[in-house]
$ cat model.cif   # mmCIF, C-alpha atoms
data_input
#
loop_
_atom_site.label_atom_id
_atom_site.label_comp_id
_atom_site.auth_asym_id
_atom_site.auth_seq_id
_atom_site.Cartn_x
_atom_site.Cartn_y
_atom_site.Cartn_z
CA MET A 1183 0.00 0.00 0.00
CA LYS A 1184 2.82 2.34 0.99
CA LYS A 1185 4.69 1.49 -2.21
CA ARG A 1186 1.62 2.27 -4.32
CA LEU A 1187 1.11 5.58 -2.51
CA PHE A 1188 4.76 6.45 -3.04
CA ALA A 1189 4.41 5.66 -6.74
CA ILE A 1190 1.31 7.86 -7.07
CA ILE A 1191 3.05 10.81 -5.45
CA ALA A 1192 6.51 10.28 -6.92
CA MET A 1193 5.61 9.66 -10.59
CA PRO A 1194 4.23 13.16 -11.34
CA VAL A 1195 7.24 14.69 -9.60
CA ILE A 1196 9.61 12.62 -11.71
CA MET A 1197 7.68 13.46 -14.91
CA ILE A 1198 7.77 17.18 -14.14
CA ALA A 1199 11.50 16.96 -13.44
CA ILE A 1200 12.09 15.24 -16.81
CA MET A 1201 9.98 17.84 -18.64
CA ALA A 1202 11.81 20.68 -16.93
CA PHE A 1203 15.12 19.16 -17.94
CA CYS A 1204 13.96 18.92 -21.58
CA LEU A 1205 12.76 22.51 -21.59
CA ASP A 1206 16.03 23.66 -20.08
CA THR A 1207 17.97 21.79 -22.78
CA THR A 1208 15.89 23.46 -25.49
CA ASN A 1209 16.58 26.85 -24.00
CA LYS A 1210 20.30 26.14 -23.86
CA LYS A 1211 20.25 25.15 -27.54
CA SER A 1212 18.43 28.29 -28.57
CA ARG A 1213 20.80 30.40 -26.52
CA LEU A 1214 23.65 29.00 -28.57
CA ILE A 1215 22.07 30.47 -31.68
CA THR A 1216 20.48 33.57 -30.26
CA ALA A 1217 22.99 35.60 -28.34
CA LYS A 1218 20.44 37.93 -26.79
CA LYS A 1219 16.83 38.18 -27.84
CA ASP A 1220 15.76 41.72 -28.54
CA SER A 1221 12.55 42.10 -30.50
CA ILE A 1222 12.98 45.84 -31.08
CA ALA A 1223 16.53 45.55 -32.42
CA SER A 1224 15.51 42.50 -34.46
CA VAL A 1225 12.54 44.15 -36.13
CA THR A 1226 14.51 47.34 -36.77
CA ALA A 1227 17.24 45.31 -38.47
CA PHE A 1228 14.72 43.38 -40.53
CA LYS A 1229 13.22 46.58 -41.89
CA GLN A 1230 16.65 47.30 -43.40
CA VAL A 1231 16.95 43.74 -44.67
CA TYR A 1232 13.52 44.07 -46.28
CA THR A 1233 14.56 47.12 -48.33
CA VAL A 1234 17.37 45.05 -49.83
CA LEU A 1235 15.40 41.87 -50.45
CA THR A 1236 12.64 43.79 -52.19
CA SER A 1237 15.06 45.84 -54.29
CA ALA A 1238 15.25 44.93 -57.95
CA ARG A 1239 18.59 43.13 -57.65
CA CYS A 1240 17.18 40.61 -55.20
CA MET A 1241 13.47 40.47 -55.95
CA ASN A 1242 13.80 40.14 -59.71
CA CYS A 1243 14.91 36.54 -59.22
CA HIS A 1244 12.32 35.85 -56.51
CA PRO A 1245 9.15 36.52 -58.54
CA SER A 1246 5.64 35.49 -57.59
CA GLY A 1247 5.15 33.86 -61.00
CA ASP A 1248 7.36 31.54 -63.02
CA VAL A 1249 9.02 34.25 -65.13
CA PRO A 1250 11.92 36.27 -63.69
CA LEU A 1251 11.70 40.05 -63.54
CA GLN A 1252 13.89 42.75 -65.05
CA GLY A 1253 14.68 46.38 -64.39
CA ASP A 1254 14.00 48.71 -61.50
CA ASP A 1255 10.29 48.55 -62.36
CA ASN A 1256 10.33 44.75 -61.99
CA HIS A 1257 8.74 44.07 -65.36
CA LEU A 1258 8.57 40.50 -66.67
CA HIS A 1259 11.84 39.34 -68.24
CA LYS A 1260 11.76 39.85 -72.00
CA MET A 1261 11.36 36.56 -73.92
CA LEU A 1262 9.43 35.20 -70.91
CA PRO A 1263 11.95 32.54 -69.85
CA GLN A 1264 10.27 29.98 -67.62
CA ARG A 1265 11.50 28.91 -64.18
CA GLY A 1266 11.59 25.18 -64.95
CA LYS A 1267 11.71 22.44 -62.34
CA ASP A 1268 15.19 23.28 -61.06
CA GLY A 1269 14.91 27.04 -61.52
CA ARG A 1270 17.42 27.07 -64.37
CA GLY A 1271 15.01 27.47 -67.27
CA ILE A 1272 13.71 25.03 -69.85
CA TYR A 1273 14.65 23.69 -73.30
CA ALA A 1274 16.46 26.31 -75.36
CA MET A 1275 15.66 28.96 -72.76
CA LYS A 1276 17.92 28.04 -69.88
CA CYS A 1277 19.38 30.89 -67.84
CA ALA A 1278 22.99 30.01 -68.62
CA ASN A 1279 22.37 30.17 -72.38
CA CYS A 1280 22.56 33.96 -72.11
CA HIS A 1281 23.82 34.58 -68.56
CA GLN A 1282 27.51 33.77 -68.67
CA PRO A 1283 29.76 32.92 -65.70
CA THR A 1284 30.65 36.63 -65.48
CA ASN A 1285 28.90 39.86 -66.42
CA THR A 1286 28.95 40.48 -70.15
CA PRO A 1287 30.61 43.90 -70.64
CA GLY A 1288 28.47 46.79 -71.86
CA LEU A 1289 25.44 48.80 -70.86
CA ARG A 1290 22.57 46.56 -69.68
CA MET A 1291 24.17 43.46 -71.20
CA PRO A 1292 23.23 40.13 -69.59
CA PRO A 1293 24.58 39.97 -66.04
CA GLY A 1294 26.46 36.80 -65.20
CA ASN A 1295 27.23 34.32 -62.49
CA PRO A 1296 28.25 30.63 -62.70
CA ASN A 1297 25.19 29.69 -60.63
CA TRP A 1298 22.54 31.90 -62.23
CA HIS A 1299 19.07 30.57 -61.42
CA LEU A 1300 15.70 31.16 -59.80
CA PRO A 1301 14.50 29.20 -56.79
CA PRO A 1302 13.22 25.76 -57.85
CA ALA A 1303 9.59 25.04 -58.70
CA ASP A 1304 9.00 23.01 -55.54
CA MET A 1305 10.12 25.89 -53.28
CA LYS A 1306 9.75 29.22 -55.02
CA MET A 1307 10.92 31.41 -52.12
CA VAL A 1308 8.84 34.32 -53.40
CA PHE A 1309 9.83 37.83 -52.31
CA GLN A 1310 7.54 39.72 -54.69
CA GLY A 1311 4.37 40.93 -52.96
CA ARG A 1312 5.36 39.75 -49.48
CA THR A 1313 4.79 42.11 -46.56
CA PRO A 1314 7.70 42.51 -44.10
CA ARG A 1315 5.95 40.16 -41.69
CA GLN A 1316 5.24 37.54 -44.33
CA LEU A 1317 8.77 37.64 -45.66
CA ALA A 1318 10.40 37.48 -42.22
CA LYS A 1319 8.35 34.44 -41.26
CA GLN A 1320 9.04 32.79 -44.61
CA LEU A 1321 12.78 33.36 -44.33
CA ILE A 1322 13.11 31.48 -41.04
CA ASP A 1323 10.84 28.59 -42.04
CA PRO A 1324 13.02 25.73 -43.33
CA ASN A 1325 10.05 24.45 -45.32
CA GLN A 1326 9.96 27.72 -47.24
CA ASN A 1327 13.57 28.92 -47.21
CA GLY A 1328 15.43 26.14 -48.98
CA HIS A 1329 15.79 23.98 -45.84
CA LYS A 1330 18.12 26.46 -44.15
CA ASP A 1331 18.71 26.55 -40.41
CA THR A 1332 20.04 29.67 -38.70
CA LYS A 1333 23.66 28.72 -39.42
CA LYS A 1334 22.90 28.28 -43.14
CA LEU A 1335 20.91 31.52 -43.21
CA ILE A 1336 23.90 33.37 -41.77
CA ALA A 1337 26.21 31.78 -44.36
CA HIS A 1338 23.76 32.68 -47.14
CA ALA A 1339 24.62 36.35 -46.75
CA ASP A 1340 27.90 35.54 -48.49
CA ASP A 1341 26.44 33.26 -51.17
CA GLY A 1342 27.90 33.97 -54.60
CA LEU A 1343 24.57 34.76 -56.20
CA VAL A 1344 23.59 37.04 -53.30
CA LEU A 1345 26.88 38.89 -53.69
CA ALA A 1346 26.19 39.22 -57.42
CA GLY A 1347 23.43 41.65 -56.47
CA TRP A 1348 26.17 44.15 -55.66
CA ASN A 1349 27.93 43.53 -58.96
CA PRO A 1350 24.96 43.72 -61.31
CA GLY A 1351 26.67 44.93 -64.45
CA GLU A 1352 26.69 48.30 -66.13
CA GLY A 1353 23.47 50.32 -66.09
CA ARG A 1354 21.77 48.62 -63.12
CA THR A 1355 20.85 50.16 -59.78
CA LEU A 1356 22.58 48.75 -56.74
CA PRO A 1357 20.64 47.55 -53.67
CA PRO A 1358 19.86 50.43 -51.26
CA MET A 1359 22.85 49.76 -48.97
CA SER A 1360 26.28 48.19 -49.15
CA HIS A 1361 26.69 44.45 -48.79
CA ALA A 1362 28.52 45.04 -45.49
CA ALA A 1363 25.59 47.06 -44.13
CA PHE A 1364 23.13 44.45 -45.37
CA LYS A 1365 25.09 41.63 -43.78
CA LYS A 1366 25.25 43.51 -40.48
CA ALA A 1367 21.47 44.01 -40.52
CA TRP A 1368 20.89 40.38 -41.57
CA LEU A 1369 23.04 39.04 -38.74
CA THR A 1370 21.49 41.43 -36.22
CA TRP A 1371 18.02 40.29 -37.23
CA LEU A 1372 18.91 36.62 -36.93
CA ASN A 1373 21.02 36.89 -33.78
CA THR A 1374 18.47 38.92 -31.84
CA GLY A 1375 15.70 36.41 -32.33
CA ALA A 1376 14.63 36.80 -36.00
CA TYR A 1377 11.43 38.52 -34.97
CA ALA A 1378 8.87 39.31 -37.65
CA PRO A 1379 7.46 42.85 -37.85
CA ALA A 1380 3.82 43.28 -36.85
CA LYS A 1381 2.72 43.87 -40.46
CA MET B 114 46.18 28.39 -78.10
CA ILE B 115 42.78 27.01 -77.19
CA THR B 116 41.59 23.63 -78.42
CA LEU B 117 37.96 23.38 -79.44
CA ASN B 118 35.82 20.44 -80.49
CA ILE B 119 33.48 21.75 -83.17
CA ASN B 120 31.19 19.40 -85.05
CA LYS B 121 33.32 16.44 -83.92
CA ARG B 122 36.53 17.96 -85.30
CA THR B 123 39.37 19.40 -83.27
CA TYR B 124 40.53 22.96 -83.90
CA ASN B 125 43.43 24.82 -82.31
CA ILE B 126 42.39 28.42 -82.01
CA ASP B 127 44.92 31.21 -81.61
CA ALA B 128 42.67 33.91 -80.18
CA ASP B 129 42.05 35.85 -76.99
CA PRO B 130 40.01 33.64 -74.60
CA GLU B 131 37.62 36.59 -74.21
CA THR B 132 36.71 36.50 -77.92
CA PRO B 133 33.04 35.72 -78.54
CA LEU B 134 32.61 32.15 -79.73
CA LEU B 135 30.63 33.49 -82.69
CA TRP B 136 33.69 35.37 -84.00
CA VAL B 137 35.79 32.24 -83.64
CA LEU B 138 33.28 30.12 -85.52
CA ARG B 139 32.82 32.58 -88.37
CA ASP B 140 36.20 34.30 -88.69
CA HIS B 141 38.70 31.73 -87.43
CA VAL B 142 37.10 28.43 -88.40
CA GLY B 143 35.05 29.60 -91.39
CA LEU B 144 31.74 28.15 -90.28
CA VAL B 145 29.46 30.99 -91.37
CA GLY B 146 26.12 29.22 -91.03
CA THR B 147 25.77 30.73 -87.56
CA LYS B 148 24.68 34.34 -87.90
CA PHE B 149 25.37 37.59 -86.09
CA GLY B 150 22.08 39.25 -85.25
CA CYS B 151 22.15 41.63 -82.31
CA GLY B 152 25.36 40.84 -80.44
CA VAL B 153 23.61 41.23 -77.07
CA ALA B 154 21.89 37.84 -76.59
CA GLN B 155 18.50 39.22 -77.56
CA CYS B 156 17.65 37.68 -80.92
CA GLY B 157 18.85 34.05 -81.06
CA ALA B 158 20.39 34.15 -84.55
CA CYS B 159 23.73 32.98 -83.14
CA VAL B 160 22.53 29.93 -81.21
CA VAL B 161 24.88 26.94 -81.25
CA HIS B 162 25.02 23.90 -78.99
CA LEU B 163 27.55 23.80 -76.18
CA ASP B 164 27.48 20.35 -74.59
CA GLY B 165 23.92 20.09 -75.86
CA GLU B 166 22.67 23.44 -74.59
CA ALA B 167 21.45 26.22 -76.89
CA VAL B 168 23.90 28.98 -75.98
CA ARG B 169 24.08 32.35 -77.67
CA SER B 170 27.52 32.43 -79.20
CA CYS B 171 27.65 36.23 -79.46
CA VAL B 172 28.03 36.53 -75.66
CA THR B 173 29.67 33.17 -74.99
CA LYS B 174 33.39 33.61 -74.63
CA LEU B 175 35.88 31.31 -76.25
CA ARG B 176 37.19 30.24 -72.83
CA ARG B 177 33.77 28.83 -71.89
CA ALA B 178 33.80 26.52 -74.90
CA GLN B 179 37.19 25.01 -74.09
CA GLY B 180 36.88 21.30 -73.37
CA LYS B 181 33.24 21.21 -74.42
CA LYS B 182 31.49 19.98 -77.53
CA VAL B 183 30.36 22.73 -79.89
CA VAL B 184 27.80 21.92 -82.57
CA THR B 185 26.82 24.46 -85.21
CA ILE B 186 24.12 24.24 -87.85
CA GLU B 187 26.72 22.68 -90.16
CA GLY B 188 27.19 19.82 -87.70
CA LEU B 189 23.58 19.21 -86.69
CA SER B 190 23.38 16.21 -89.03
CA GLU B 191 25.68 14.29 -91.35
CA LYS B 192 23.67 14.87 -94.52
CA ASN B 193 21.45 17.83 -93.67
CA ASP B 194 18.82 15.25 -92.79
CA HIS B 195 17.97 16.08 -89.20
CA PRO B 196 14.18 15.82 -88.78
CA LEU B 197 14.06 19.57 -88.28
CA GLN B 198 15.95 20.22 -91.51
CA LYS B 199 13.62 17.87 -93.38
CA ALA B 200 10.57 19.55 -91.88
CA TRP B 201 11.96 23.02 -92.66
CA LEU B 202 12.31 22.07 -96.32
CA GLU B 203 8.99 20.26 -96.45
CA LEU B 204 7.09 23.29 -95.15
CA ASP B 205 9.30 25.89 -96.82
CA VAL B 206 9.70 27.65 -93.48
CA SER B 207 12.38 30.19 -94.32
CA GLN B 208 11.65 33.54 -95.85
CA CYS B 209 14.84 35.62 -95.77
CA GLY B 210 16.42 32.80 -93.78
CA TYR B 211 18.76 34.88 -91.66
CA CYS B 212 17.44 33.68 -88.29
CA GLN B 213 16.78 30.10 -89.33
CA ALA B 214 20.05 28.50 -88.21
CA GLY B 215 19.43 29.80 -84.70
CA GLN B 216 15.78 28.76 -84.86
CA ILE B 217 16.68 25.21 -85.85
CA MET B 218 19.42 24.89 -83.24
CA SER B 219 17.03 26.04 -80.50
CA ALA B 220 14.30 23.72 -81.76
CA ALA B 221 16.78 20.83 -81.75
CA VAL B 222 17.31 21.24 -78.01
CA LEU B 223 13.55 21.32 -77.50
CA LEU B 224 13.06 18.08 -79.45
CA ASN B 225 15.96 16.46 -77.67
CA GLU B 226 14.33 17.09 -74.31
CA ASN B 227 10.68 16.82 -75.30
CA LYS B 228 9.80 14.31 -78.02
CA ASN B 229 6.24 15.52 -78.43
CA PRO B 230 6.03 19.23 -77.60
CA THR B 231 2.74 21.10 -77.37
CA ASP B 232 2.22 24.56 -78.85
CA GLN B 233 2.89 25.96 -75.37
CA ASP B 234 6.16 24.02 -75.07
CA ILE B 235 7.22 25.38 -78.46
CA ASN B 236 6.30 28.92 -77.47
CA TYR B 237 8.33 28.64 -74.27
CA ALA B 238 11.32 27.11 -76.01
CA MET B 239 11.39 29.43 -79.01
CA ALA B 240 10.49 32.71 -77.31
CA GLY B 241 14.10 33.87 -77.48
CA ASN B 242 14.43 33.43 -81.24
CA ILE B 243 13.21 36.38 -83.23
CA CYS B 244 12.20 36.26 -86.91
CA ARG B 245 11.72 39.63 -88.57
CA CYS B 246 9.91 38.00 -91.48
CA GLY B 247 7.36 36.62 -89.03
CA THR B 248 7.60 32.97 -89.97
CA TYR B 249 6.60 31.92 -86.48
CA LEU B 250 3.55 29.91 -87.50
CA ARG B 251 5.52 27.88 -90.02
CA ILE B 252 8.30 27.39 -87.47
CA ARG B 253 5.80 25.99 -85.01
CA GLU B 254 4.24 23.73 -87.63
CA ALA B 255 7.67 22.50 -88.72
CA ILE B 256 8.63 21.64 -85.15
CA HIS B 257 5.48 19.55 -84.82
CA LEU B 258 6.29 17.83 -88.11
CA ALA B 259 9.90 17.26 -87.05
CA ALA B 260 8.70 15.70 -83.80
CA GLU B 261 6.57 13.33 -85.86
CA LEU B 262 9.50 12.49 -88.17
CA GLN B 263 11.79 12.00 -85.21
CA GLY B 264 9.25 9.69 -83.61
CA LYS B 265 9.10 7.57 -86.79
CA GLU B 266 12.92 7.42 -86.95
CA ILE B 267 13.10 6.28 -83.35
CA SER B 268 10.44 3.62 -83.83
CA GLY B 269 12.07 2.53 -87.13
CA LYS B 270 8.99 3.14 -89.28
#
$ encode --input "model.cif" --output "structure tokens"
Amino acid sequence: MKKRLFAIIAMPVIMIAIMAFCLDTTNKKSRLITAKKDSIASVTAFKQVYTVLTSARCMNCHPSGDVPLQGDDNHLHKMLPQRGKDGRGIYAMKCANCHQPTNTPGLRMPPGNPNWHLPPADMKMVFQGRTPRQLAKQLIDPNQNGHKDTKKLIAHADDGLVLAGWNPGEGRTLPPMSHAAFKKAWLTWLNTGAYAPAK
Amino acid sequence: MITLNINKRTYNIDADPETPLLWVLRDHVGLVGTKFGCGVAQCGACVVHLDGEAVRSCVTKLRRAQGKKVVTIEGLSEKNDHPLQKAWLELDVSQCGYCQAGQIMSAAVLLNENKNPTDQDINYAMAGNICRCGTYLRIREAIHLAAELQGKEISGK
């Protein structure tokens, strides 16, 4: 009888202790990634990030449809090249058929990069038309961001195709801030909790 | 010196690696079937195959072609009997003919990847090839015919 009573009292205590331990472990893990959560600093940084991601150099390859965009007015790419399954175009209209490994010299000639592509058809990673809140939440969701965790998101700031936005070729507007300033804002946003703005 | 494989032949090219492939094909090798149209990758007259892809040779530098297989309109078939060439003749597609080498080379990539293309597939594939004579409807019809001919060749009929 005493043993049964002990079991009835002790079991919930043990269960709570185990749960508390698990929660504590989770917190420790998140602390490794997030130095110090600060929703105000995070949202402020994201507003800067948003101006870059929705600038022509970034958004033109993150369209809401299956045709990339061109120009500062984000018009549909002439010739209407299609995204294709892997984001690299289809048939005789693959990105690399015109976009060379480097920028082609001359005013508004095809910009180049060895990895020129759109996001793939099964994860379009759309920037066009997204509100700051929608985009922030999308960017930290591995099911919508190309399966990237925080570490990969941080590394993505120095991705070759991201950097190409600051080397767009003659006659194209640069993103609204330097890559260094963008990276600082990007890291601040992520390291202070990756909070999404209210709207 | 850069070694190129063009239409299954080897060429040693003494030119700046930055030279457009189109210049090399026309001026160094003498293969003038590929045409200069716009020089800015907008018209498709200069399309050749680079490892099977329909690149625009006016903006493709010689260095990119090194170690790869280049095929021009002259090398598309042994006896000018590619299904597309047969279909082009059958339907008398060309008018002035200037863009047609590029059109055929682009269409060849389409048929290589899609044996039975729809009108929409053809529109998507050929949207980067401009024809100032406006032969687009005949081009589309010829691609359908070529797909049929290709199908018969594959099935041995």
$ interface_residues --input "model.cif" --of "chain B" --to "chain A" --cutoff "10 Å" --atoms "all atoms listed in the file" --output "ChimeraX atom specification"
/B:152-157,160-163,165-174,177,216,218-227,234-243
$ closest_residue --input "model.cif" --among "B:Lys121, B:Arg139, B:Lys228, B:Lys148" --to "Val184 (chain B)" --atoms "all atoms listed in the file"
B:Lys121
$ resolve_selection --input "model.cif" --expression "the PyMOL selection byres ((chain A and resi 1238) around 10)" --output "ChimeraX atom specification"
/A:1233-1237,1239-1244,1251-1257,1310,1347,1354-1358
$ atom_distance --input "model.cif" --atom1 "CA of Arg245 (chain B)" --atom2 "CA of Cys212 (chain B)"
8.3 Å
$ residues_near_point --input "model.cif" --point "(15.5, 18.1, -91.4)" --cutoff "12 Å" --atoms "only C-alpha atoms" --output "mmCIF file with C-alpha atoms, in the frame of the given file"
data_model
loop_
_atom_site.group_PDB
_atom_site.id
_atom_site.type_symbol
_atom_site.label_atom_id
_atom_site.label_comp_id
_atom_site.auth_asym_id
_atom_site.auth_seq_id
_atom_site.Cartn_x
_atom_site.Cartn_y
_atom_site.Cartn_z
ATOM 1 C CA ILE B 186 24.120 24.240 -87.850
ATOM 2 C CA LEU B 189 23.580 19.210 -86.690
ATOM 3 C CA SER B 190 23.380 16.210 -89.030
ATOM 4 C CA GLU B 191 25.680 14.290 -91.350
ATOM 5 C CA LYS B 192 23.670 14.870 -94.520
ATOM 6 C CA ASN B 193 21.450 17.830 -93.670
ATOM 7 C CA ASP B 194 18.820 15.250 -92.790
ATOM 8 C CA HIS B 195 17.970 16.080 -89.200
ATOM 9 C CA PRO B 196 14.180 15.820 -88.780
ATOM 10 C CA LEU B 197 14.060 19.570 -88.280
ATOM 11 C CA GLN B 198 15.950 20.220 -91.510
ATOM 12 C CA LYS B 199 13.620 17.870 -93.380
ATOM 13 C CA ALA B 200 10.570 19.550 -91.880
ATOM 14 C CA TRP B 201 11.960 23.020 -92.660
ATOM 15 C CA LEU B 202 12.310 22.070 -96.320
ATOM 16 C CA GLU B 203 8.990 20.260 -96.450
ATOM 17 C CA LEU B 204 7.090 23.290 -95.150
ATOM 18 C CA ASP B 205 9.300 25.890 -96.820
ATOM 19 C CA VAL B 206 9.700 27.650 -93.480
ATOM 20 C CA ALA B 214 20.050 28.500 -88.210
ATOM 21 C CA ILE B 217 16.680 25.210 -85.850
ATOM 22 C CA MET B 218 19.420 24.890 -83.240
ATOM 23 C CA ALA B 220 14.300 23.720 -81.760
ATOM 24 C CA ALA B 221 16.780 20.830 -81.750
ATOM 25 C CA ALA B 255 7.670 22.500 -88.720
ATOM 26 C CA ILE B 256 8.630 21.640 -85.150
ATOM 27 C CA LEU B 258 6.290 17.830 -88.110
ATOM 28 C CA ALA B 259 9.900 17.260 -87.050
ATOM 29 C CA ALA B 260 8.700 15.700 -83.800
ATOM 30 C CA GLU B 261 6.570 13.330 -85.860
ATOM 31 C CA LEU B 262 9.500 12.490 -88.170
ATOM 32 C CA GLN B 263 11.790 12.000 -85.210
ATOM 33 C CA GLU B 266 12.920 7.420 -86.950
#
$ resolve_selection --input "model.cif" --expression "the PyMOL selection byres ((chain A and resi 1314) around 12)" --output "number ranges by chain"
A: 1225-1236, 1309-1313, 1315-1321, 1377-1381
$ residues_around --input "model.cif" --residues "Lys1219 (chain A)" --least-positions-apart "6" --cutoff "10 Å" --atoms "only C-alpha atoms" --output "VMD selection string"
chain A and resid 1213 1371 to 1377
$ atom_distance --input "model.cif" --atom1 "CA of Trp1368 (chain A)" --atom2 "CA of Leu1258 (chain A)"
28.0 Å
$ resolve_selection --input "model.cif" --expression "the PyMOL selection byres ((chain B and resi 176) around 8)" --output "PyMOL selection string"
chain B and resi 115+130-131+174-175+177-179
$ atom_distance --input "model.cif" --atom1 "CA of Gly1342 (chain A)" --atom2 "CA of Lys1306 (chain A)"
18.8 Å
$ residues_around --input "model.cif" --residues "Tyr124 (chain B)" --least-positions-apart "5" --cutoff "9 Å" --atoms "all atoms listed in the file" --output "number ranges by chain"
B: 115-119, 142
$ closest_residue --input "model.cif" --among "B:Ile126, B:Leu135, B:Val183, B:Met114" --to "Ala158 (chain B)" --atoms "all atoms listed in the file"
B:Leu135
